[in-house]
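Only one structure is covered here, and it is reproduced in the block below.
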Amino acid sequence: MEHHQAEHSVGYGTYVLVWLGLLVFTGLTVSVSGINLEALTVTVALLIAGFKTFLVMNYFMHLKFEPILFRLMVFVVIITFAIFLSLTFLDVLFR
Amino acid sequence: MASHALTHTGHGEINYLDYKGKYSGILGWIFSTDHKRIGLLYLSGVTLFFVVGIFLGLMLRLEQLTMGETVVSARTYNTLFTLHGVIMIFLIVIPAIPAVLGNFFLPIQVGAKDVAFPRLNLFSWWLYMTGAVLALVSLFTKGGFPDTGWTFYAPYNIRTTTNVPLAVFAVFILGFSSILTGLNFITTVHRLRAPGMTWFRLPLFVWALYATSWIQILATPVVGITMLLIFFERLTGVGIFDPAKGGDPILYQHLFWIYSHPAVYIMILPGMGVVTEIIPTFARRTIFGYKAIAASSLGIALAGSLVWGHHMFVSGQSYTASVVFSLLTFLVAIPTAIKVFNWVATLYKGSIHLEPPLLYALSFIFLFMIGGFTGVMLGVLSVDVHLHDTYFVVGHFHYVMFGGTMMAFIAGMHYWFPKMFGRMYNKRVATLAWALIFIGFNMLYFTMLILGFEGMPRRYYDHLPQYHSGHVVATVGSWILVLGLLIMIINLVRALKSGPKAEANPWQGTTLEWQVPSPPPHENFEEIPVVDRGPYDH
Amino acid sequence: MSSVAETAVHEEKHSDVIGAKMGMWLFLFTELLLFGGMFILYAAYRAKHQHEFFLSSAELNMPIGTLNTALLLTSSLTVALSIEALRRGSRNLSKLFLLATIVMGFGFLVNKYFEWSAKIHHGIYPNSPELLKASAGEQLFFSLYYVMTGLHGLHVLVGVLVLGWIYTLIQKNPTDPGNFIKLENGGLYWHLVDVIWIFLFPLFYLIS
Ligand SMILES: [Cu+2]
């Protein structure tokens, strides 16, 4: 088995940079919400939230440096949720 | 499997039953983190609740013996079938195979000393018991146990005066227990396989449990939150499913079945796994189509999460959704059929030893196929509109859950009993019990299929004259069935005390658990075995 | 269990850091799908009552929401820094960062408390006479708001308690190698709570 303590260690600097990025995107999503984009409002908000999640998971949660299996599992979870949501919407949208 | 495992395990080691830990007596059990002891803890819980569930089922059948009120009032009848459903589903059929047989044998079959998180494993059992006690408490407190049916549909769950909050909270706790078992198994399979135990050398029971565990992890939380929402609803009137407050009861059904259809596979996949262990052993040849069976377990888990809407064809969901869900439902039949074909192909030209475990396993295949075919019938949109909420549905899911899961559980108990307890049961009595169970079962549930086809609605405490003879046949069938079950249970319990000592490998099994003594030593293997061949090489 | 066997199992468990983390991730998946169920409800109800959702969203306090987002994001940073510090063996720095995380988590809850009290003060809470008069969409919006942010708040509270417990472990047993994986898993949990908020924030506060 791999030895863990010797695994990739992320520098303090990287974390601070990621944090700054997260704050910038928060600012962005707040200011964009002021503009009336009609139906796009939620799409844009969700895209930004998705990107923030990507940052948190990859860097803060270390997913980038874990065995590929972990990312595969996260992928399975996302797909599962997508299935649950979209099949429910087959009803909600067409009722 | 690994030949040198044999030489190293055994003789000087103390078995897990005699092992003296930090605590003695009952404390040595309820605080034990040994996966084998925890398996037996679950076994005692499951057996106890099974007897209760059987009794409730008998009462339901007795009520239908005559027209009009027979033994209970209509209101009590509603509570009885709700309680029967909740107990049977959440306390027995879901945990039986993973929590009892899986806990006991998964670590041994992968060549590990325990599961990945032994203390979490014990915690799961405590949650299970807590959930059971809460359900019990809700029987005797404020309003009594719910009369909504085990599905707790909105708006019944909002309007009924019974103690819904406590009951759904109990289900939430039980779900959590089930999740933690799944979490433990996945981590165990990934991290604790013995050297040489590659993925394609894993026994197929382990594959089945692995697939099951993923469903437990991914689907159970959805019913968890659904139950919590009812709980909040009853405490604060938050109204998320309450039509009076803008809520949509059909969304409740979606969330409920997003879990509860995959839950059918939480129930049946481990059962298929057990049968897949038994068949090669008693045919004395390797399994046919190992990889196809392993893949079909994952395939069933995937396909099973796409079809929940087939429970809602008459609920008022969109027509588009109904059509798509109906179509997707047919897909599940494919991986299921793959398994059946492979079992039959394994038996073909095998040297078949018709011992009790194989009898139960064969009856599993037969009964499960009836359950499966009637399931496909119900998945057909036009047929379901006719059969929905009739005895046909009741008959169908008893064929699947009882004829499937529980028959596999009983098969597994007879298969692994000598390993678990180091004693052998009386095989002739076991065969007799099997015959009674098989006859009673079909009398009871096949009659239900016919009654349902003729239009007898489920959950009615009374029936019209044209259904009367059918109901009498079914009730008599239930007596034969219960008689068989009692003989089966008593036979095993008697063997616990006075059965003759069993050998390490009475059936000539080839998986790792047959290479350790019966009963297995405290930590299974003195030395972790090195595996150098497939699981079913005879 | 005999102490020998117990420690053997323990050692096996602790030495397998990847296994421990896998267990934690699997647990986080269940949390994701637990909230996922509610997000499905949110999506379905929003699809039906778009306009009412917009109107109701305007009634939430966006500045407090934004402040809370910044707080959680920053606390996520400090817990990551705390883990990194412990990896490098600077225990005091690690403890400091951990403490900062706990304080910010607490701050989040205090803000939430004021936010909720203000709403309740205005008569908007589940089953309130005011709310029962409102349209179906508005009722649903606030029902979801209370349940989802409430359950999220509960997770923040649990996170604070867990991190506090890990803090005392590092305090009491500074050299215990088991602290590291506990802190790492505690951190994972904390980040997940953050991720959920990352979605709750725009869906409730920013759609007006
Ligand atoms: Cu189904």
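Letters for chains follow the order of the structure tokens (A, B, ...), residue numbers begin at 1 for each chain, and ligand numbers begin at 1 in the order shown.
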
Give as number ranges by chain every residue of chain B that touches chain C within 8 Å, counting only C-alpha atoms. B: 20-23, 28, 32-33, 114, 116-117, 179, 183-184, 187, 190-191, 217-222, 224-226, 236-240, 245-247, 251, 255

Per-residue nearest contacts chain B to chain A, cut-off 12 Å, using only C-alpha atoms, as CSV:
residue,atom,partner,partner_atom,distance
B:Ile186,CA,A:Met73,CA,11.2
B:Thr187,CA,A:Phe70,CA,11.7
B:His190,CA,A:Leu69,CA,9.9
B:Arg191,CA,A:Met1,CA,9.4
B:Leu192,CA,A:Met1,CA,11.1
B:Pro195,CA,A:Met1,CA,11.5
B:Trp214,CA,A:Val76,CA,9.8
B:Ile215,CA,A:Thr80,CA,10.1
B:Ile217,CA,A:Val77,CA,9.5
B:Leu218,CA,A:Val77,CA,7.2
B:Ala219,CA,A:Thr80,CA,8.9
B:Pro221,CA,A:Phe81,CA,11.5
B:Val222,CA,A:Phe84,CA,9.8
B:Asp248,CA,A:Val92,CA,10.4
B:Ile250,CA,A:Asp91,CA,9.4
B:Leu251,CA,A:Thr88,CA,8.3
B:Tyr252,CA,A:Thr88,CA,11.0
B:Gln253,CA,A:Thr88,CA,10.4
B:His254,CA,A:Thr88,CA,6.9
B:Leu255,CA,A:Thr88,CA,8.8
B:Phe256,CA,A:Phe84,CA,11.7
B:Trp257,CA,A:Phe84,CA,10.5
B:Ile258,CA,A:Phe84,CA,7.1
B:Tyr259,CA,A:Phe84,CA,9.9
B:Pro262,CA,A:Phe84,CA,11.6
B:Ala301,CA,A:Thr80,CA,11.1
B:Leu302,CA,A:Thr80,CA,8.9
B:Ala303,CA,A:Ile83,CA,10.9
B:Gly304,CA,A:Thr80,CA,11.5
B:Ser305,CA,A:Phe84,CA,8.0
B:Leu306,CA,A:Ile83,CA,7.2
B:Val307,CA,A:Leu87,CA,8.8
B:Trp308,CA,A:Leu87,CA,9.1
B:Gly309,CA,A:Leu87,CA,8.5
B:His310,CA,A:Leu87,CA,11.8
B:Met312,CA,A:Asp91,CA,10.4
B:Phe313,CA,A:Asp91,CA,10.9
B:Ser315,CA,A:Asp91,CA,11.0
B:Gly316,CA,A:Arg95,CA,8.1
B:Gln317,CA,A:Asp91,CA,5.6
B:Ser318,CA,A:Arg95,CA,4.1
B:Tyr319,CA,A:Arg95,CA,7.2
B:Thr320,CA,A:Phe94,CA,6.5
B:Ala321,CA,A:Leu90,CA,5.0
B:Ser322,CA,A:Asp91,CA,8.1
B:Val323,CA,A:Leu90,CA,10.0
B:Val324,CA,A:Leu90,CA,8.4
B:Phe325,CA,A:Leu87,CA,8.5
B:Leu328,CA,A:Leu87,CA,10.9

Taking only C-alpha atoms into account, which residues of chain C are within 8 Å of chain A, as a ChimeraX atom specification? /C:17-18,22,29,33,36,40,44,47,66,69-70,73-74,76-77,80-81,84,87,187-188,191,195,198-199,202-203,206-208

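The space between atom CA of Glu52 of chain C and atom CA of Pro243 of chain B spans 16.6 Å.
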
May I ask for the distance between atom CA of Thr212 of chain B and atom CA of Ile94 of chain B, given in Å to one decimal place?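 Between atom CA of Thr212 of chain B and atom CA of Ile94 of chain B the gap works out to 10.3 Å.
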
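Taking atom CA of Thr101 of chain C and atom CA of Ser75 of chain C as endpoints, the distance between them is 4.6 Å.
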
If we count only C-alpha atoms, what is near Val156 of chain C at a cut-off of 8 Å, once residues fewer than 2 positions away on the same chain are taken out, given as a list in words? Gly105, Leu109, His152, Gly153, Leu154, Val158, Gly159, Val160, Trp190 and Val193 of chain C

Export of prior selection with C-alpha atoms as a compact mmCIF listing (two decimals), in the first residue's frame:
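The file below, result11.txt, is the result:
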# COMPACT_ATOMS: atom_id res chain seq x y z
CA GLY C 105 -18.48 27.98 12.53
CA LEU C 109 -24.63 29.81 13.67
CA HIS C 152 -27.56 22.47 7.31
CA GLY C 153 -27.21 24.46 10.53
CA LEU C 154 -27.47 21.22 12.46
CA VAL C 158 -22.16 18.82 14.63
CA GLY C 159 -19.07 19.90 12.71
CA VAL C 160 -18.17 22.43 15.41
CA TRP C 190 -16.40 20.40 7.44
CA VAL C 193 -20.91 21.25 5.01

With distances taken over only C-alpha atoms, the candidate from C:Gln171, C:Asn68, C:Asn185, C:Ser57 nearest Leu96 of chain C is C:Gln171

Pick out the residues sitting within 9 Å of Leu486 of chain B, and hand them over as a count of residues only; count only C-alpha atoms, and ignore anything fewer than 5 positions along from it in its own chain. 4

When DSSP is applied to the backbone of this structure, which of chain A are assigned helix (DSSP H, G or I)? Write them out as JSON, numbers by chain. {"A": [12, 13, 14, 15, 16, 17, 18, 19, 20, 21, 22, 23, 24, 25, 26, 27, 28, 29, 30, 31, 32, 33, 34, 40, 41, 42, 43, 44, 45, 46, 47, 48, 49, 50, 51, 52, 53, 54, 55, 56, 57, 58, 59, 60, 63, 64, 65, 68, 69, 70, 71, 72, 73, 74, 75, 76, 77, 78, 79, 80, 81, 82, 83, 84, 85, 86, 87, 88, 89, 90, 91, 92, 93, 94]}

Nearest residue to ligand 1 from the set B:Phe397, B:Tyr348, B:Tyr153, B:Phe200 (distances using only C-alpha atoms and all ligand atoms):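 Looking only at the distances to ligand 1, the closest residue turns out to be B:Phe397.
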